[in-house]
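J.: Structure supplied as input.cif; contents: mmCIF, C-alpha atoms.
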```cif
data_final
#
loop_
_atom_site.label_atom_id
_atom_site.label_comp_id
_atom_site.auth_asym_id
_atom_site.auth_seq_id
_atom_site.Cartn_x
_atom_site.Cartn_y
_atom_site.Cartn_z
CA ILE H 34 -132.37 40.59 -171.65
CA ILE H 35 -135.73 42.04 -172.61
CA VAL H 36 -136.34 45.73 -171.99
CA PRO H 37 -139.93 46.57 -171.02
CA LYS H 38 -141.74 48.80 -173.53
CA ASN H 39 -142.54 51.37 -170.84
CA ALA H 40 -138.88 51.70 -169.65
CA LEU H 41 -137.80 55.32 -169.29
CA PRO H 42 -134.78 56.54 -171.29
CA GLY H 43 -131.44 56.23 -169.54
CA ASP H 44 -128.93 53.72 -168.24
CA TYR H 45 -129.67 50.47 -166.51
CA TYR H 46 -127.36 47.76 -165.32
CA ALA H 47 -127.83 44.22 -164.14
CA ALA H 48 -125.55 41.56 -162.71
CA LEU H 49 -125.82 37.97 -163.83
CA PHE H 50 -124.21 35.16 -161.81
CA ALA H 51 -123.86 31.47 -162.59
CA GLN H 52 -123.05 29.11 -159.75
CA THR H 53 -122.33 25.42 -159.46
CA ASN H 54 -123.89 23.13 -156.92
CA SER H 55 -121.73 22.23 -153.98
CA ILE H 56 -118.47 20.73 -155.31
CA SER H 57 -117.52 19.04 -152.11
CA GLN H 58 -118.42 18.96 -148.50
CA LEU H 59 -115.31 19.37 -146.35
CA LYS H 60 -115.02 16.82 -143.58
CA SER H 61 -114.48 19.24 -140.72
CA LYS H 62 -116.28 20.60 -137.71
CA SER H 63 -117.39 23.68 -139.67
CA ASN H 64 -119.14 21.58 -142.34
CA LEU H 65 -118.25 23.98 -145.21
CA SER H 66 -119.41 23.55 -148.77
CA ILE H 67 -117.54 25.02 -151.75
CA ASN H 68 -119.28 26.54 -154.76
CA GLU H 69 -117.82 28.15 -157.86
CA ARG H 70 -119.39 31.37 -159.11
CA ILE H 71 -118.78 33.64 -162.06
CA GLY H 72 -120.57 36.82 -162.96
CA THR H 73 -120.78 39.72 -165.34
CA VAL H 74 -122.45 43.11 -165.39
CA PHE H 75 -124.64 44.22 -168.31
CA TYR H 76 -124.96 47.92 -169.09
CA ILE H 77 -128.05 48.84 -171.07
CA GLN H 78 -129.06 52.24 -172.38
CA VAL H 79 -132.68 52.87 -173.35
CA ALA H 80 -132.87 55.39 -176.19
CA GLY H 81 -134.69 58.67 -175.83
CA PRO H 82 -134.15 62.05 -174.19
CA VAL H 83 -131.74 61.64 -171.28
CA ASN H 84 -130.58 63.82 -168.40
CA GLN H 85 -126.79 64.27 -168.44
CA HIS H 86 -125.61 65.92 -165.25
CA GLY H 87 -122.62 65.38 -163.03
CA SER H 88 -120.50 67.38 -160.62
CA LEU H 89 -117.43 67.37 -158.44
CA ASN H 90 -118.79 66.58 -154.97
CA SER H 91 -115.47 67.03 -153.13
CA TRP H 92 -111.70 67.32 -153.66
CA GLN H 93 -109.55 66.86 -150.59
CA SER H 94 -106.06 66.11 -149.41
CA ASP H 95 -104.97 66.38 -145.78
CA PHE H 96 -102.19 68.92 -145.17
CA LEU H 97 -100.18 66.75 -142.76
CA GLN H 98 -99.56 63.24 -144.12
CA GLN H 99 -97.05 60.43 -143.83
CA PRO H 100 -95.69 58.44 -146.77
CA LEU H 101 -98.20 57.04 -149.24
CA ILE H 102 -99.53 60.49 -149.95
CA THR H 103 -103.25 60.42 -150.73
CA ALA H 104 -105.79 62.73 -152.33
CA LYS H 105 -109.49 61.98 -152.77
CA LEU H 106 -112.18 62.94 -155.25
CA LYS H 107 -115.91 62.36 -155.07
CA LEU H 108 -117.69 62.55 -158.41
CA LYS H 109 -121.47 62.76 -158.42
CA ASN H 110 -123.81 61.74 -161.22
CA THR H 111 -127.33 63.11 -160.86
CA GLY H 112 -128.25 62.24 -164.44
CA ASN H 113 -129.81 59.08 -165.75
CA VAL H 114 -126.86 58.01 -167.96
CA PHE H 115 -123.32 57.12 -166.94
CA TYR H 116 -120.39 59.35 -167.81
CA VAL H 117 -116.67 58.76 -168.14
CA SER H 118 -114.43 61.19 -166.28
CA ASN H 119 -110.79 61.71 -167.21
CA VAL H 120 -108.87 62.18 -163.95
CA ASN H 121 -105.43 63.83 -164.16
CA ILE H 122 -103.63 64.57 -160.88
CA TYR H 123 -100.09 65.93 -160.47
CA PHE H 124 -98.02 65.72 -157.30
CA GLN H 125 -95.30 68.38 -157.44
CA ASP H 126 -92.52 69.62 -155.21
CA ILE H 127 -92.85 73.16 -153.90
CA LEU H 128 -90.91 74.50 -156.93
CA GLY H 129 -93.47 73.01 -159.33
CA HIS H 130 -91.50 70.02 -160.61
CA THR H 131 -93.86 67.09 -161.19
CA LYS H 132 -92.83 64.08 -159.10
CA TYR H 133 -95.78 61.76 -159.78
CA THR H 134 -98.66 61.82 -162.27
CA TYR H 135 -101.94 59.92 -161.95
CA SER H 136 -104.10 59.65 -165.08
CA ASP H 137 -107.10 57.38 -165.46
CA GLN H 138 -110.63 57.19 -166.79
CA LYS H 139 -113.38 56.47 -164.28
CA ILE H 140 -116.96 55.50 -165.05
CA VAL H 141 -119.58 57.12 -162.83
CA LEU H 142 -122.90 55.30 -163.00
CA SER H 143 -126.19 57.18 -163.06
CA ASN H 144 -127.55 58.43 -159.73
CA THR H 145 -124.37 57.50 -157.83
CA THR H 146 -121.41 59.16 -156.14
CA ARG H 147 -118.00 57.61 -156.79
CA LEU H 148 -115.06 57.96 -154.41
CA ILE H 149 -111.68 57.95 -156.13
CA SER H 150 -108.55 57.63 -153.98
CA ILE H 151 -105.32 58.74 -155.61
CA ASN H 152 -102.17 57.39 -153.97
CA TRP H 153 -98.59 58.40 -154.72
CA PRO H 154 -96.72 55.07 -154.41
CA ASN H 155 -93.17 55.22 -153.02
CA SER H 156 -93.71 58.82 -151.96
CA PRO H 157 -90.90 60.57 -150.05
CA SER H 158 -90.79 60.44 -146.26
CA PHE H 159 -90.27 64.19 -145.85
CA GLY H 160 -91.11 67.30 -147.85
CA LEU H 161 -93.58 69.99 -148.79
CA PHE H 162 -95.59 69.18 -151.92
CA LYS H 163 -98.57 70.44 -153.83
CA VAL H 164 -101.21 68.43 -155.62
CA LYS H 165 -103.33 69.77 -158.44
CA GLY H 166 -104.93 68.63 -161.65
CA TYR H 167 -108.13 68.53 -163.61
CA ILE H 168 -111.05 66.23 -164.30
CA THR H 169 -113.69 66.05 -166.99
CA ILE H 170 -117.41 65.92 -166.28
CA TYR H 171 -119.20 67.19 -169.40
CA GLY H 172 -116.34 69.70 -169.68
CA THR H 173 -113.05 70.33 -167.90
CA ILE H 174 -112.91 71.23 -164.20
CA GLN H 175 -109.64 72.61 -162.80
CA LEU H 176 -108.96 71.35 -159.27
CA LYS H 177 -107.84 73.76 -156.58
CA THR H 178 -104.18 73.33 -155.58
CA LYS H 179 -103.70 71.59 -152.22
CA TYR H 180 -100.51 71.63 -150.14
CA ILE H 181 -99.16 68.59 -148.33
CA LEU H 182 -96.48 68.40 -145.62
CA VAL H 183 -95.09 64.87 -145.51
CA ILE H 184 -93.35 63.76 -142.34
CA SER H 185 -92.75 60.07 -141.68
CA PRO H 186 -93.17 58.80 -138.10
CA GLY H 187 -89.36 58.49 -137.74
CA VAL H 188 -88.79 62.09 -138.83
CA ARG H 189 -91.61 63.27 -136.52
CA MET H 190 -89.90 61.54 -133.59
CA MET H 191 -86.57 63.15 -134.50
CA ILE H 192 -88.16 66.62 -134.59
CA ILE H 193 -89.80 66.05 -131.19
CA ILE H 194 -86.48 64.90 -129.71
CA ILE H 195 -84.65 67.93 -131.15
CA PHE H 196 -87.27 70.35 -129.75
CA ALA H 197 -87.18 68.60 -126.37
CA CYS H 198 -83.35 68.89 -126.31
CA LEU H 199 -83.57 72.58 -127.23
CA ILE H 200 -86.05 73.24 -124.42
CA ILE H 201 -83.88 71.36 -121.92
CA LEU H 202 -80.77 73.28 -123.05
CA SER H 203 -82.64 76.59 -122.86
CA VAL H 204 -83.80 75.85 -119.29
CA PHE H 205 -80.29 74.69 -118.33
CA PHE H 206 -78.61 77.85 -119.69
CA ARG H 207 -81.19 80.15 -118.07
CA SER H 208 -80.72 78.49 -114.69
CA ASN H 209 -76.90 78.83 -115.03
CA ARG H 210 -77.22 82.57 -115.90
CA GLN H 211 -79.41 83.18 -112.85
CA LYS H 212 -76.81 81.52 -110.58
CA ASP H 213 -74.04 83.83 -111.89
#
```
What does this structure look like when you write it as structure tokens?
T.:
Amino acid sequence: IIVPKNALPGDYYAALFAQTNSISQLKSKSNLSINERIGTVFYIQVAGPVNQHGSLNSWQSDFLQQPLITAKLKLKNTGNVFYVSNVNIYFQDILGHTKYTYSDQKIVLSNTTRLISINWPNSPSFGLFKVKGYITIYGTIQLKTKYILVISPGVRMMIIIIFACLIILSVFFRSNRQKD
């Protein structure tokens, strides 16, 4: 890879693929051909004064969820060099006991916005939880605490049936009182 002399400082990336000619032609009506392909991505940084700037674009988690609790982050890079963000998210019960921790490093390429979905695998089917944490983008950013009410479809149906029975019983008892 040859970098042009007039290239501006900052990050660049390129993908390189190598592909074979058709290995075989399948004898079928669709007349498919099969190729093998491999690839790699090259990250290049041109030296010089760079613009390092990134921000938290959004942090969200729906209040009412069903199992496989999810929270989402959008990290924005408006600079011309990539940055690495440390993402640390804690799912806790309402008393503050940590039930699941997500920690990872995410690369955010220059002039991009990266969506990061955080899933709590094997999450409970019912409960009130809070999710909080922090990320790093040229410093630490504390995330606002979000609350999550988890109700699985089966539990939702049970609650609807119980409320319907209570309403029917209430109407039944009121009509019996009016007869007396």
J.: Using the chain letters and numbers from this file, what does the PyMOL selection byres ((chain H and resi 127) around 10) select? Give the answer as an MDAnalysis selection string.
T.: chainID H and resid 124:126 128:131 160:164 180:181
J.: Please expand the PyMOL selection byres ((chain H and resi 105) around 9) into the concrete residues it hits in this file, giving the result as a list of chain:residue names.
T.: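 After applying the PyMOL selection byres ((chain H and resi 105) around 9), what remains is H:Ser91, H:Trp92, H:Gln93, H:Ser94, H:Thr103, H:Ala104, H:Leu106, H:Lys107, H:Leu148, H:Ile149, H:Ser150, H:Ile151, H:Asn152.
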J.: Put those residues in a file: C-alpha atoms, as a PDB file, in the coordinates of the input.
T.:
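Output file selection_4.pdb is given in full below:
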```pdb
ATOM      1  CA  SER H  91    -115.470  67.030-153.130  1.00  0.00           C
ATOM      2  CA  TRP H  92    -111.700  67.320-153.660  1.00  0.00           C
ATOM      3  CA  GLN H  93    -109.550  66.860-150.590  1.00  0.00           C
ATOM      4  CA  SER H  94    -106.060  66.110-149.410  1.00  0.00           C
ATOM      5  CA  THR H 103    -103.250  60.420-150.730  1.00  0.00           C
ATOM      6  CA  ALA H 104    -105.790  62.730-152.330  1.00  0.00           C
ATOM      7  CA  LEU H 106    -112.180  62.940-155.250  1.00  0.00           C
ATOM      8  CA  LYS H 107    -115.910  62.360-155.070  1.00  0.00           C
ATOM      9  CA  LEU H 148    -115.060  57.960-154.410  1.00  0.00           C
ATOM     10  CA  ILE H 149    -111.680  57.950-156.130  1.00  0.00           C
ATOM     11  CA  SER H 150    -108.550  57.630-153.980  1.00  0.00           C
ATOM     12  CA  ILE H 151    -105.320  58.740-155.610  1.00  0.00           C
ATOM     13  CA  ASN H 152    -102.170  57.390-153.970  1.00  0.00           C
TER      14      ASN H 152
END
```
J.: Could you tell me which of H:Val79, H:Val74, H:Val120, H:Ile195 comes closest to Ile140 (chain H) if we count only C-alpha atoms?
T.: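 Distance minimum relative to Ile140 (chain H) lands on H:Val120.
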J.: Taking the file as shown, find all residues satisfying the PyMOL selection byres ((chain H and resi 159) around 9) and write them as an mmCIF file with C-alpha atoms, in the coordinates of the input.
T.:
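Final output, saved to result11.cif:
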```cif
data_model
loop_
_atom_site.group_PDB
_atom_site.id
_atom_site.type_symbol
_atom_site.label_atom_id
_atom_site.label_comp_id
_atom_site.auth_asym_id
_atom_site.auth_seq_id
_atom_site.Cartn_x
_atom_site.Cartn_y
_atom_site.Cartn_z
ATOM 1 C CA GLN H 99 -97.050 60.430 -143.830
ATOM 2 C CA PRO H 100 -95.690 58.440 -146.770
ATOM 3 C CA SER H 156 -93.710 58.820 -151.960
ATOM 4 C CA PRO H 157 -90.900 60.570 -150.050
ATOM 5 C CA SER H 158 -90.790 60.440 -146.260
ATOM 6 C CA GLY H 160 -91.110 67.300 -147.850
ATOM 7 C CA LEU H 161 -93.580 69.990 -148.790
ATOM 8 C CA LEU H 182 -96.480 68.400 -145.620
ATOM 9 C CA VAL H 183 -95.090 64.870 -145.510
ATOM 10 C CA ILE H 184 -93.350 63.760 -142.340
ATOM 11 C CA SER H 185 -92.750 60.070 -141.680
ATOM 12 C CA VAL H 188 -88.790 62.090 -138.830
#
```
J.: Of the residues H:Ile102, H:Ile200, H:Ile67, H:Ala40, which is the one nearest to Gly81 (chain H), using only C-alpha atoms?
T.: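 The answer is H:Ala40, which sits nearest to Gly81 (chain H).
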J.: Skipping near chain neighbours, those fewer than 4 positions away, what residues fall within 9 Å of Ala51 (chain H) using all atoms listed in the file, listed as a VMD selection string?
T.: chain H and resid 69 to 72
J.: So that I have them on file, write out the residues from the current selection with C-alpha atoms, as a PDB file, in the frame of the given file.
T.:
```pdb
ATOM      1  CA  GLU H  69    -117.820  28.150-157.860  1.00  0.00           C
ATOM      2  CA  ARG H  70    -119.390  31.370-159.110  1.00  0.00           C
ATOM      3  CA  ILE H  71    -118.780  33.640-162.060  1.00  0.00           C
ATOM      4  CA  GLY H  72    -120.570  36.820-162.960  1.00  0.00           C
TER       5      GLY H  72
END
```
J.: Which value, in Å to one decimal, gives the distance between CA of Tyr123 (chain H) and CA of Tyr135 (chain H)?
T.: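 Distance between the two atoms: 6.5 Å.
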J.: How big is the axis-aligned box around the listed atoms of region 101-116 of chain H once 4 Å is added on each side, and where is its centre? Give both in Å to one decimal, as AutoDock Vina command-line options.
T.:
```
--center_x -114.0 --center_y 60.1 --center_z -158.6 --size_x 39.6 --size_y 14.1 --size_z 26.7
```
J.: Between CA of Pro82 (chain H) and CA of Leu49 (chain H), measure the distance and give it in Å to one decimal.
T.: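 We find that CA of Pro82 (chain H) and CA of Leu49 (chain H) lie 27.5 Å from each other.
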J.: If you measure from CA of Thr111 (chain H) to CA of His86 (chain H), what distance in Å do you get, rounded to one decimal?
T.: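 If I compute the distance from CA of Thr111 (chain H) to CA of His86 (chain H), I get 5.5 Å.
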J.: Save all heavy atoms of region 188-199 of chain H from the block above as an mmCIF file, in the first residue's frame.
T.:
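Once written, result-v8.cif looks like this:
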```
data_model
loop_
_atom_site.group_PDB
_atom_site.id
_atom_site.type_symbol
_atom_site.label_atom_id
_atom_site.label_comp_id
_atom_site.auth_asym_id
_atom_site.auth_seq_id
_atom_site.Cartn_x
_atom_site.Cartn_y
_atom_site.Cartn_z
ATOM 1 N N VAL H 188 -46.231 -14.626 31.595
ATOM 2 C CA VAL H 188 -46.587 -13.868 32.803
ATOM 3 C C VAL H 188 -47.568 -12.752 32.442
ATOM 4 O O VAL H 188 -48.511 -12.477 33.183
ATOM 5 C CB VAL H 188 -45.317 -13.306 33.489
ATOM 6 C CG1 VAL H 188 -45.671 -12.390 34.632
ATOM 7 C CG2 VAL H 188 -44.424 -14.443 33.973
ATOM 8 N N ARG H 189 -47.386 -12.095 31.298
ATOM 9 C CA ARG H 189 -48.322 -11.062 30.853
ATOM 10 C C ARG H 189 -49.730 -11.639 30.711
ATOM 11 O O ARG H 189 -50.713 -11.031 31.130
ATOM 12 C CB ARG H 189 -47.886 -10.461 29.523
ATOM 13 C CG ARG H 189 -46.696 -9.563 29.621
ATOM 14 C CD ARG H 189 -46.330 -8.986 28.272
ATOM 15 N NE ARG H 189 -45.014 -8.366 28.363
ATOM 16 C CZ ARG H 189 -44.446 -7.685 27.406
ATOM 17 N NH1 ARG H 189 -45.069 -7.520 26.259
ATOM 18 N NH2 ARG H 189 -43.260 -7.166 27.559
ATOM 19 N N MET H 190 -49.827 -12.824 30.110
ATOM 20 C CA MET H 190 -51.124 -13.471 29.923
ATOM 21 C C MET H 190 -51.754 -13.801 31.280
ATOM 22 O O MET H 190 -52.950 -13.602 31.471
ATOM 23 C CB MET H 190 -50.967 -14.733 29.068
ATOM 24 C CG MET H 190 -52.286 -15.371 28.701
ATOM 25 S SD MET H 190 -53.424 -14.256 27.824
ATOM 26 C CE MET H 190 -52.618 -14.124 26.270
ATOM 27 N N MET H 191 -50.936 -14.280 32.223
ATOM 28 C CA MET H 191 -51.453 -14.578 33.564
ATOM 29 C C MET H 191 -52.005 -13.327 34.238
ATOM 30 O O MET H 191 -53.067 -13.359 34.851
ATOM 31 C CB MET H 191 -50.336 -15.183 34.443
ATOM 32 C CG MET H 191 -50.523 -16.644 34.717
ATOM 33 S SD MET H 191 -49.275 -17.414 35.762
ATOM 34 C CE MET H 191 -48.322 -16.153 36.501
ATOM 35 N N ILE H 192 -51.297 -12.217 34.130
ATOM 36 C CA ILE H 192 -51.747 -10.956 34.736
ATOM 37 C C ILE H 192 -53.050 -10.505 34.101
ATOM 38 O O ILE H 192 -53.984 -10.077 34.799
ATOM 39 C CB ILE H 192 -50.647 -9.871 34.597
ATOM 40 C CG1 ILE H 192 -49.448 -10.235 35.487
ATOM 41 C CG2 ILE H 192 -51.189 -8.492 34.947
ATOM 42 C CD1 ILE H 192 -48.230 -9.362 35.285
ATOM 43 N N ILE H 193 -53.179 -10.619 32.787
ATOM 44 C CA ILE H 193 -54.422 -10.231 32.099
ATOM 45 C C ILE H 193 -55.575 -11.105 32.565
ATOM 46 O O ILE H 193 -56.677 -10.607 32.834
ATOM 47 C CB ILE H 193 -54.232 -10.306 30.563
ATOM 48 C CG1 ILE H 193 -53.278 -9.202 30.104
ATOM 49 C CG2 ILE H 193 -55.560 -10.221 29.836
ATOM 50 C CD1 ILE H 193 -52.825 -9.320 28.666
ATOM 51 N N ILE H 194 -55.332 -12.407 32.685
ATOM 52 C CA ILE H 194 -56.385 -13.329 33.140
ATOM 53 C C ILE H 194 -56.812 -13.003 34.572
ATOM 54 O O ILE H 194 -58.007 -12.977 34.880
ATOM 55 C CB ILE H 194 -55.920 -14.796 32.998
ATOM 56 C CG1 ILE H 194 -55.831 -15.163 31.514
ATOM 57 C CG2 ILE H 194 -56.844 -15.749 33.742
ATOM 58 C CD1 ILE H 194 -55.156 -16.492 31.246
ATOM 59 N N ILE H 195 -55.838 -12.723 35.444
ATOM 60 C CA ILE H 195 -56.163 -12.377 36.843
ATOM 61 C C ILE H 195 -56.994 -11.101 36.896
ATOM 62 O O ILE H 195 -58.003 -11.035 37.603
ATOM 63 C CB ILE H 195 -54.873 -12.256 37.684
ATOM 64 C CG1 ILE H 195 -54.258 -13.643 37.890
ATOM 65 C CG2 ILE H 195 -55.157 -11.587 39.023
ATOM 66 C CD1 ILE H 195 -52.865 -13.625 38.495
ATOM 67 N N PHE H 196 -56.594 -10.056 36.144
ATOM 68 C CA PHE H 196 -57.371 -8.812 36.129
ATOM 69 C C PHE H 196 -58.771 -9.039 35.562
ATOM 70 O O PHE H 196 -59.754 -8.493 36.067
ATOM 71 C CB PHE H 196 -56.646 -7.711 35.348
ATOM 72 C CG PHE H 196 -55.651 -6.968 36.164
ATOM 73 C CD1 PHE H 196 -54.302 -6.988 35.827
ATOM 74 C CD2 PHE H 196 -56.030 -6.234 37.283
ATOM 75 C CE1 PHE H 196 -53.371 -6.305 36.582
ATOM 76 C CE2 PHE H 196 -55.109 -5.537 38.036
ATOM 77 C CZ PHE H 196 -53.772 -5.579 37.693
ATOM 78 N N ALA H 197 -58.868 -9.844 34.510
ATOM 79 C CA ALA H 197 -60.187 -10.130 33.928
ATOM 80 C C ALA H 197 -61.058 -10.847 34.949
ATOM 81 O O ALA H 197 -62.253 -10.519 35.100
ATOM 82 C CB ALA H 197 -60.037 -10.973 32.669
ATOM 83 N N CYS H 198 -60.498 -11.820 35.687
ATOM 84 C CA CYS H 198 -61.263 -12.530 36.729
ATOM 85 C C CYS H 198 -61.695 -11.578 37.839
ATOM 86 O O CYS H 198 -62.831 -11.658 38.335
ATOM 87 C CB CYS H 198 -60.439 -13.676 37.303
ATOM 88 S SG CYS H 198 -60.250 -15.055 36.156
ATOM 89 N N LEU H 199 -60.809 -10.667 38.232
ATOM 90 C CA LEU H 199 -61.161 -9.697 39.268
ATOM 91 C C LEU H 199 -62.304 -8.789 38.821
ATOM 92 O O LEU H 199 -63.206 -8.470 39.603
ATOM 93 C CB LEU H 199 -59.944 -8.867 39.672
ATOM 94 C CG LEU H 199 -58.862 -9.601 40.463
ATOM 95 C CD1 LEU H 199 -57.638 -8.710 40.653
ATOM 96 C CD2 LEU H 199 -59.398 -10.070 41.807
#
```
